[in-house]
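Q: Questions regarding the structure given below will be posed in turn.
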Amino acid sequence: MDESALKIKKVHHVEFYVGNAKQADYYYRQAFGFGRIAYAGLETGWRDRASYALAQGKAMVVMTSPLMPDGEVGEHIKRHGDGVRDIVLEVEDAEAAFELAVSRGAEPAAEPREIKDGHGAIKRSTVKVYGDTLHSFISLGSYRGPFLPGFTESKEPGRGAGLLALDHYVANVTLGEMRKWEEWYVRVLGLERFMTFEDKDISTEFTALNSVVMANGSKSLKFPINEPAPGRRKSQVEEYNDFYRSPGVQHIALLTADIIRTVSQLRANGVEFLRVPDAYYHALPERVGEITEAIGTLKDLGILVDKDDQGYLLQIFTRPVEDRPTLFFEIIQRKGCQGFGKGNFKALFEAIEREQDRRGNLV
Ligand code: FE2
């Protein structure tokens with residue numbers, strides 16, 4: 001497996017299709033602490049959509065809304081509600097990456113094309129992945145604009161929450177499809193299976209799921225894939241698929257170097273997080289051993305801890321950020337541990353089930 005073949009440098013940004021990008025821009029600045037860097041819309045010559053580009057640390061996201069009901073943005077929102085449309089990969093050459101991906105069986109969504117403005121030109125191409133989700137390839141060449149061609153500089157500060165980067169992007173797919181997409185990431189993008197979690201690792205009294213984590217050699221790209229497993233009640237992955245109306249991105253993890261500061265700020269900003277029972281914290285010292293953070297502080301903020309032989313991680317999960325129980329965020333701080341919080345799955349999934357039950361979906 002040679003991930004260098006597509007020459008993926010990084011995830012450049014994640015594009016969300018949302019019902020009201022102007023309000024999403026405000027929410028992600030005021031609640032999550034992003035700052036706006038650029039804008040595109042009617043004023044910049046776009047007739048069918050408006051987009052706000054936001055950044056915090058190295059993490060970049062774009063919020064896009066349609067200006068008309070017809071077209072792919074409007075259709076996407078009608079079916080899925082707000083959600084992730086495109087995890088955009090920066091590559092050395094978007095044309096070569098596309099040709100290679102398609103030759104390996106990827107379904108094309110947009111042929112390679114040059115996009116330019118007064119600041120220079122980029123190349124962009126797009127392939128389809130699970131559900132209506134896309135991976136675009138972009139190569140920036142010597143482009144010098146504030147974001148991408150078509151965007152104008154538009155600086156609006158956010159509150160800042162100490163978020164540094166995007167850490168991982170989790171797909172929810174339908175029963176029996178996990179292996180298909182695992183195989184896709186190996187064959188098309190040249191990633192490898194980094195971790196596997198089976199339903200015996202990820203089950204509660206009522207529900208279960210399977211998960212694999214696809215990653216590149218340096219682990220700078222991490223794409224976990226979940227599928228529901230048979231259980232007594234409806235899995236959280238099925239609840240997601242029912243409301244998203246297809247497979248899609250379940251959560252995006254945002255990296256911080258100071259989770260106590262970040263979560264304190266996000267809570268003060270009104271971000272809603274899941275809570276686990278106090279018993280979780282009683283059992284914590286025995287489970288994870290010595291950690292720097294005070295257990296009482298972690299408990300007050302609802303932060304979870306897990307460890308492996310390399311170190312430990314701290315993590316917390318938001319409630320869905322839409323009315324549909326679909327996309328949510330994870331905040332993660334890694335102290336040596338490259339895992340995903342396996343030791344927290346049971347407590348976390350029981351917390352999700354309580355929410356699912358309140359929504360009438362734990363049936
Ligand atoms: Fe995660």
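Chain labels run A, B, ... following the order of the structure tokens; each chain numbers its residues from 1, and ligands are numbered from 1 in the order shown.
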Name the residues in contact with Pro228 (chain A) at a cut-off of 6 Å, using only C-alpha atoms, excluding same-chain residues fewer than 5 positions from it; report them as a list in words.
A: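 Counting only the stated atoms, we get Leu175, Leu209, Ser235 and Val237 of chain A.
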Q: Please identify all protein, DNA and RNA residues within 7 Å of ligand 1, counting only C-alpha atoms and all ligand atoms, and report them as a PDB file with C-alpha atoms, in the first residue's frame.
A:
ATOM      1  CA  HIS A 168     -10.370  12.477  12.526  1.00  0.00           C
ATOM      2  CA  VAL A 170     -15.968   9.332  11.249  1.00  0.00           C
ATOM      3  CA  HIS A 251     -18.568  13.172  13.881  1.00  0.00           C
ATOM      4  CA  ILE A 252     -15.452  15.215  13.400  1.00  0.00           C
ATOM      5  CA  ALA A 253     -12.825  15.305  16.139  1.00  0.00           C
ATOM      6  CA  GLU A 330     -15.565  15.419  19.544  1.00  0.00           C
ATOM      7  CA  PHE A 340      -9.945   6.622  19.842  1.00  0.00           C
TER       8      PHE A 340
END
Q: Would you mind telling me which residue in A:Met178, A:Ile77, A:Leu67, A:Leu89 lies nearest to His13 (chain A) when using only C-alpha atoms?
A: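 Checking each candidate against His13 (chain A), we get A:Leu89 as the closest.
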Q: Can you pull out every residue from region 114-363 of chain A that DSSP, working from the backbone, puts in strand (DSSP E or B), and format the result as a PyMOL selection string?
A: chain A and resi 114-117+120-128+134-139+152-156+163-172+192-197+203+208-215+222-229+248-256+273+304-308+311-318+328-336
Q: Select, from A:Ser220, A:Thr126, A:Ser51, A:Ser103, the residue with the minimum atom-to-atom distance to Phe147 (chain A), counting only C-alpha atoms.
A: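 Going through A:Ser220, A:Thr126, A:Ser51, A:Ser103 one by one, the smallest distance to Phe147 (chain A) is for A:Ser51.
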Q: List the neighbours of region 282-294 of chain A out to 10 Å using only C-alpha atoms; skip same-chain residues closer than 4 positions along the sequence, and give me the result as JSON, numbers by chain.
A: {"A": [259, 260, 277, 278, 298, 299, 304, 305, 306, 307, 308, 311, 312, 313, 314, 335, 343]}
Q: Find the residues around Ile122 (chain A) up to 8 Å (only C-alpha atoms counted), leave out those fewer than 4 positions away in its own chain, and share them as a list in words.
A: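 Surrounding residues, per the criterion: Glu114, Ile115, Lys116, Ile138, Ser139, Leu140, Gly141, Tyr143, Leu148 and Pro149 of chain A.
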Q: Would you save the residues of that selection, restricted to all heavy atoms, as a PDB file, in the first residue's frame?
A:
ATOM      1  N   GLU A 114      -9.526  23.705 -13.795  1.00  0.00           N
ATOM      2  CA  GLU A 114      -8.774  24.806 -13.200  1.00  0.00           C
ATOM      3  C   GLU A 114      -9.769  25.846 -12.707  1.00  0.00           C
ATOM      4  O   GLU A 114     -10.745  26.143 -13.386  1.00  0.00           O
ATOM      5  CB  GLU A 114      -7.855  25.413 -14.264  1.00  0.00           C
ATOM      6  CG  GLU A 114      -6.840  26.356 -13.668  1.00  0.00           C
ATOM      7  CD  GLU A 114      -5.927  26.964 -14.736  1.00  0.00           C
ATOM      8  OE1 GLU A 114      -6.427  27.769 -15.549  1.00  0.00           O
ATOM      9  OE2 GLU A 114      -4.739  26.626 -14.725  1.00  0.00           O
ATOM     10  N   ILE A 115      -9.536  26.368 -11.518  1.00  0.00           N
ATOM     11  CA  ILE A 115     -10.388  27.425 -10.975  1.00  0.00           C
ATOM     12  C   ILE A 115      -9.464  28.590 -10.655  1.00  0.00           C
ATOM     13  O   ILE A 115      -8.451  28.404  -9.963  1.00  0.00           O
ATOM     14  CB  ILE A 115     -11.113  26.962  -9.695  1.00  0.00           C
ATOM     15  CG1 ILE A 115     -11.850  25.632  -9.934  1.00  0.00           C
ATOM     16  CG2 ILE A 115     -12.104  28.023  -9.226  1.00  0.00           C
ATOM     17  CD1 ILE A 115     -12.417  25.006  -8.675  1.00  0.00           C
ATOM     18  N   LYS A 116      -9.780  29.773 -11.184  1.00  0.00           N
ATOM     19  CA  LYS A 116      -8.844  30.873 -10.951  1.00  0.00           C
ATOM     20  C   LYS A 116      -9.547  32.176 -10.624  1.00  0.00           C
ATOM     21  O   LYS A 116     -10.746  32.350 -10.880  1.00  0.00           O
ATOM     22  CB  LYS A 116      -7.921  31.052 -12.154  1.00  0.00           C
ATOM     23  CG  LYS A 116      -8.609  31.285 -13.464  1.00  0.00           C
ATOM     24  CD  LYS A 116      -7.548  31.317 -14.575  1.00  0.00           C
ATOM     25  CE  LYS A 116      -8.212  31.343 -15.935  1.00  0.00           C
ATOM     26  NZ  LYS A 116      -7.231  31.301 -17.014  1.00  0.00           N
ATOM     27  N   ILE A 138      -7.664  18.893  -4.239  1.00  0.00           N
ATOM     28  CA  ILE A 138      -7.255  20.211  -4.717  1.00  0.00           C
ATOM     29  C   ILE A 138      -5.736  20.304  -4.702  1.00  0.00           C
ATOM     30  O   ILE A 138      -5.071  19.748  -3.817  1.00  0.00           O
ATOM     31  CB  ILE A 138      -7.866  21.394  -3.921  1.00  0.00           C
ATOM     32  CG1 ILE A 138      -7.469  21.353  -2.444  1.00  0.00           C
ATOM     33  CG2 ILE A 138      -9.372  21.432  -4.047  1.00  0.00           C
ATOM     34  CD1 ILE A 138      -7.848  22.629  -1.699  1.00  0.00           C
ATOM     35  N   SER A 139      -5.195  20.965  -5.723  1.00  0.00           N
ATOM     36  CA  SER A 139      -3.761  21.296  -5.702  1.00  0.00           C
ATOM     37  C   SER A 139      -3.658  22.803  -5.871  1.00  0.00           C
ATOM     38  O   SER A 139      -4.265  23.396  -6.764  1.00  0.00           O
ATOM     39  CB  SER A 139      -2.996  20.532  -6.785  1.00  0.00           C
ATOM     40  OG  SER A 139      -3.662  20.541  -8.023  1.00  0.00           O
ATOM     41  N   LEU A 140      -2.916  23.410  -4.951  1.00  0.00           N
ATOM     42  CA  LEU A 140      -2.938  24.871  -4.824  1.00  0.00           C
ATOM     43  C   LEU A 140      -1.888  25.565  -5.680  1.00  0.00           C
ATOM     44  O   LEU A 140      -1.979  26.780  -5.891  1.00  0.00           O
ATOM     45  CB  LEU A 140      -2.738  25.266  -3.354  1.00  0.00           C
ATOM     46  CG  LEU A 140      -3.814  24.731  -2.389  1.00  0.00           C
ATOM     47  CD1 LEU A 140      -3.450  25.073  -0.949  1.00  0.00           C
ATOM     48  CD2 LEU A 140      -5.184  25.303  -2.734  1.00  0.00           C
ATOM     49  N   GLY A 141      -0.890  24.815  -6.134  1.00  0.00           N
ATOM     50  CA  GLY A 141       0.168  25.447  -6.917  1.00  0.00           C
ATOM     51  C   GLY A 141       0.720  26.640  -6.158  1.00  0.00           C
ATOM     52  O   GLY A 141       1.034  26.555  -4.972  1.00  0.00           O
ATOM     53  N   TYR A 143      -1.046  29.427  -5.659  1.00  0.00           N
ATOM     54  CA  TYR A 143      -2.195  30.303  -5.383  1.00  0.00           C
ATOM     55  C   TYR A 143      -1.953  31.155  -4.135  1.00  0.00           C
ATOM     56  O   TYR A 143      -1.477  30.654  -3.112  1.00  0.00           O
ATOM     57  CB  TYR A 143      -3.470  29.460  -5.220  1.00  0.00           C
ATOM     58  CG  TYR A 143      -4.685  30.332  -5.045  1.00  0.00           C
ATOM     59  CD1 TYR A 143      -5.181  31.067  -6.125  1.00  0.00           C
ATOM     60  CD2 TYR A 143      -5.297  30.478  -3.795  1.00  0.00           C
ATOM     61  CE1 TYR A 143      -6.266  31.912  -5.959  1.00  0.00           C
ATOM     62  CE2 TYR A 143      -6.375  31.323  -3.635  1.00  0.00           C
ATOM     63  CZ  TYR A 143      -6.854  32.043  -4.726  1.00  0.00           C
ATOM     64  OH  TYR A 143      -7.917  32.889  -4.560  1.00  0.00           O
ATOM     65  N   LEU A 148      -9.601  30.196  -1.283  1.00  0.00           N
ATOM     66  CA  LEU A 148      -9.590  29.508  -2.570  1.00  0.00           C
ATOM     67  C   LEU A 148     -10.154  30.476  -3.609  1.00  0.00           C
ATOM     68  O   LEU A 148     -10.814  31.463  -3.243  1.00  0.00           O
ATOM     69  CB  LEU A 148     -10.453  28.237  -2.509  1.00  0.00           C
ATOM     70  CG  LEU A 148      -9.918  27.081  -1.635  1.00  0.00           C
ATOM     71  CD1 LEU A 148     -10.919  25.936  -1.593  1.00  0.00           C
ATOM     72  CD2 LEU A 148      -8.557  26.584  -2.123  1.00  0.00           C
ATOM     73  N   PRO A 149      -9.926  30.240  -4.890  1.00  0.00           N
ATOM     74  CA  PRO A 149     -10.449  31.162  -5.909  1.00  0.00           C
ATOM     75  C   PRO A 149     -11.958  31.383  -5.765  1.00  0.00           C
ATOM     76  O   PRO A 149     -12.708  30.447  -5.505  1.00  0.00           O
ATOM     77  CB  PRO A 149     -10.114  30.448  -7.223  1.00  0.00           C
ATOM     78  CG  PRO A 149      -8.908  29.626  -6.907  1.00  0.00           C
ATOM     79  CD  PRO A 149      -9.112  29.159  -5.495  1.00  0.00           C
TER      80      PRO A 149
END
Q: Can you list, as an MDAnalysis selection string, every residue of region 59-303 of chain A that DSSP puts in alpha helix (DSSP H)?
A: chainID A and resid 72:80 94:103 178:187 236:244 259:268 279:288 295:301
Q: Write out as a ChimeraX atom specification which residues come within 12 Å of Trp184 (chain A) when counting only C-alpha atoms, dropping same-chain ones fewer than 2 positions away.
A: /A:101-102,104-107,127-130,177-182,186-193,214,223,225
Q: Taking into account only C-alpha atoms, which residue in the set A:Asp70, A:Thr152, A:Gly162, A:Glu99 is nearest to Trp46 (chain A)?
A: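 For Trp46 (chain A), the nearest of the candidates is A:Thr152.
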Q: Residues near Ala59 (chain A), anyone? I mean within 12 Å using only C-alpha atoms, not counting same-chain ones fewer than 6 positions away, as a PDB file with C-alpha atoms, in the first residue's frame.
A:
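As written to disk, around22.pdb reads:
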ATOM      1  CA  LYS A  10      -3.534  16.682   4.341  1.00  0.00           C
ATOM      2  CA  VAL A  11      -7.218  17.376   4.744  1.00  0.00           C
ATOM      3  CA  HIS A  12      -7.360  20.959   3.473  1.00  0.00           C
ATOM      4  CA  HIS A  13     -10.835  21.695   4.845  1.00  0.00           C
ATOM      5  CA  VAL A  14     -14.261  20.170   5.408  1.00  0.00           C
ATOM      6  CA  GLU A  15     -17.239  21.688   3.612  1.00  0.00           C
ATOM      7  CA  PHE A  32     -16.759  26.822  18.670  1.00  0.00           C
ATOM      8  CA  GLY A  33     -14.314  29.718  18.485  1.00  0.00           C
ATOM      9  CA  PHE A  34     -13.442  29.678  14.771  1.00  0.00           C
ATOM     10  CA  GLY A  35     -12.540  32.938  13.041  1.00  0.00           C
ATOM     11  CA  ARG A  36     -13.857  33.828   9.603  1.00  0.00           C
ATOM     12  CA  ILE A  37     -11.169  34.232   6.985  1.00  0.00           C
ATOM     13  CA  ALA A  53     -14.504  29.903   5.263  1.00  0.00           C
ATOM     14  CA  GLY A 162      -7.718  26.746  21.613  1.00  0.00           C
ATOM     15  CA  LEU A 163      -8.617  24.240  18.890  1.00  0.00           C
ATOM     16  CA  LEU A 164      -5.545  23.318  16.874  1.00  0.00           C
ATOM     17  CA  ALA A 165      -6.482  20.997  14.039  1.00  0.00           C
ATOM     18  CA  LEU A 166      -8.936  18.448  12.675  1.00  0.00           C
ATOM     19  CA  ASP A 167      -8.034  15.033  14.142  1.00  0.00           C
ATOM     20  CA  HIS A 168     -10.370  12.477  12.526  1.00  0.00           C
ATOM     21  CA  ILE A 252     -15.452  15.215  13.400  1.00  0.00           C
ATOM     22  CA  ALA A 253     -12.825  15.305  16.139  1.00  0.00           C
ATOM     23  CA  LEU A 254     -11.098  18.605  16.876  1.00  0.00           C
ATOM     24  CA  LEU A 255      -7.679  18.542  18.503  1.00  0.00           C
ATOM     25  CA  THR A 256      -6.690  20.722  21.449  1.00  0.00           C
TER      26      THR A 256
END
Q: Near Asp199 (chain A), counting only C-alpha atoms, which residues have an atom at most 9 Å away, once you skip same-chain residues fewer than 5 positions from it, shown as a list in words?
A: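 Once the adjacent positions are removed, what remains is Thr207, Ala208, Leu209, Asn210, Ser211, Pro228, Ala229 and Pro230 of chain A.
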Q: Take the residues from that selection and write them out as a short mmCIF file (atom, residue, chain, number, x, y, z; two decimals), in the first residue's frame, keeping all heavy atoms.
A:
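Below is the file that was written, result08.cif:
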data_model
loop_
_atom_site.label_atom_id
_atom_site.label_comp_id
_atom_site.auth_asym_id
_atom_site.auth_seq_id
_atom_site.Cartn_x
_atom_site.Cartn_y
_atom_site.Cartn_z
N THR A 207 -27.39 -2.20 22.41
CA THR A 207 -27.01 -1.95 21.01
C THR A 207 -25.54 -2.25 20.78
O THR A 207 -24.76 -2.38 21.73
CB THR A 207 -27.28 -0.49 20.61
OG1 THR A 207 -26.34 0.35 21.30
CG2 THR A 207 -28.69 -0.05 20.92
N ALA A 208 -25.16 -2.33 19.51
CA ALA A 208 -23.78 -2.65 19.17
C ALA A 208 -23.40 -2.02 17.84
O ALA A 208 -24.28 -1.69 17.03
CB ALA A 208 -23.61 -4.17 19.10
N LEU A 209 -22.11 -1.87 17.62
CA LEU A 209 -21.65 -1.44 16.31
C LEU A 209 -20.26 -2.00 16.06
O LEU A 209 -19.58 -2.46 16.97
CB LEU A 209 -21.68 0.09 16.17
CG LEU A 209 -20.86 0.96 17.10
CD1 LEU A 209 -19.46 1.16 16.58
CD2 LEU A 209 -21.51 2.33 17.23
N ASN A 210 -19.85 -2.00 14.80
CA ASN A 210 -18.49 -2.39 14.41
C ASN A 210 -17.79 -1.14 13.88
O ASN A 210 -18.45 -0.25 13.32
CB ASN A 210 -18.52 -3.41 13.27
CG ASN A 210 -19.15 -4.72 13.70
OD1 ASN A 210 -18.76 -5.32 14.70
ND2 ASN A 210 -20.14 -5.17 12.94
N SER A 211 -16.48 -1.11 14.00
CA SER A 211 -15.75 0.06 13.53
C SER A 211 -14.34 -0.34 13.08
O SER A 211 -13.72 -1.20 13.70
CB SER A 211 -15.67 1.09 14.67
OG SER A 211 -15.16 2.31 14.19
N PRO A 228 -23.67 -0.41 11.97
CA PRO A 228 -24.43 -1.00 13.07
C PRO A 228 -24.19 -2.50 13.12
O PRO A 228 -23.92 -3.12 12.10
CB PRO A 228 -25.89 -0.69 12.72
CG PRO A 228 -25.91 -0.40 11.26
CD PRO A 228 -24.54 0.06 10.87
N ALA A 229 -24.27 -3.08 14.32
CA ALA A 229 -24.23 -4.54 14.46
C ALA A 229 -25.56 -4.95 15.10
O ALA A 229 -26.20 -4.14 15.77
CB ALA A 229 -23.05 -4.96 15.33
N PRO A 230 -25.97 -6.18 14.89
CA PRO A 230 -27.26 -6.60 15.46
C PRO A 230 -27.25 -6.46 16.99
O PRO A 230 -26.27 -6.82 17.64
CB PRO A 230 -27.36 -8.08 15.06
CG PRO A 230 -26.46 -8.21 13.86
CD PRO A 230 -25.35 -7.23 14.08
#
Q: Provide the CA of Phe328 (chain A) to CA of Phe206 (chain A) distance in Å, to one decimal place.
A: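 So the answer is 21.6 Å.
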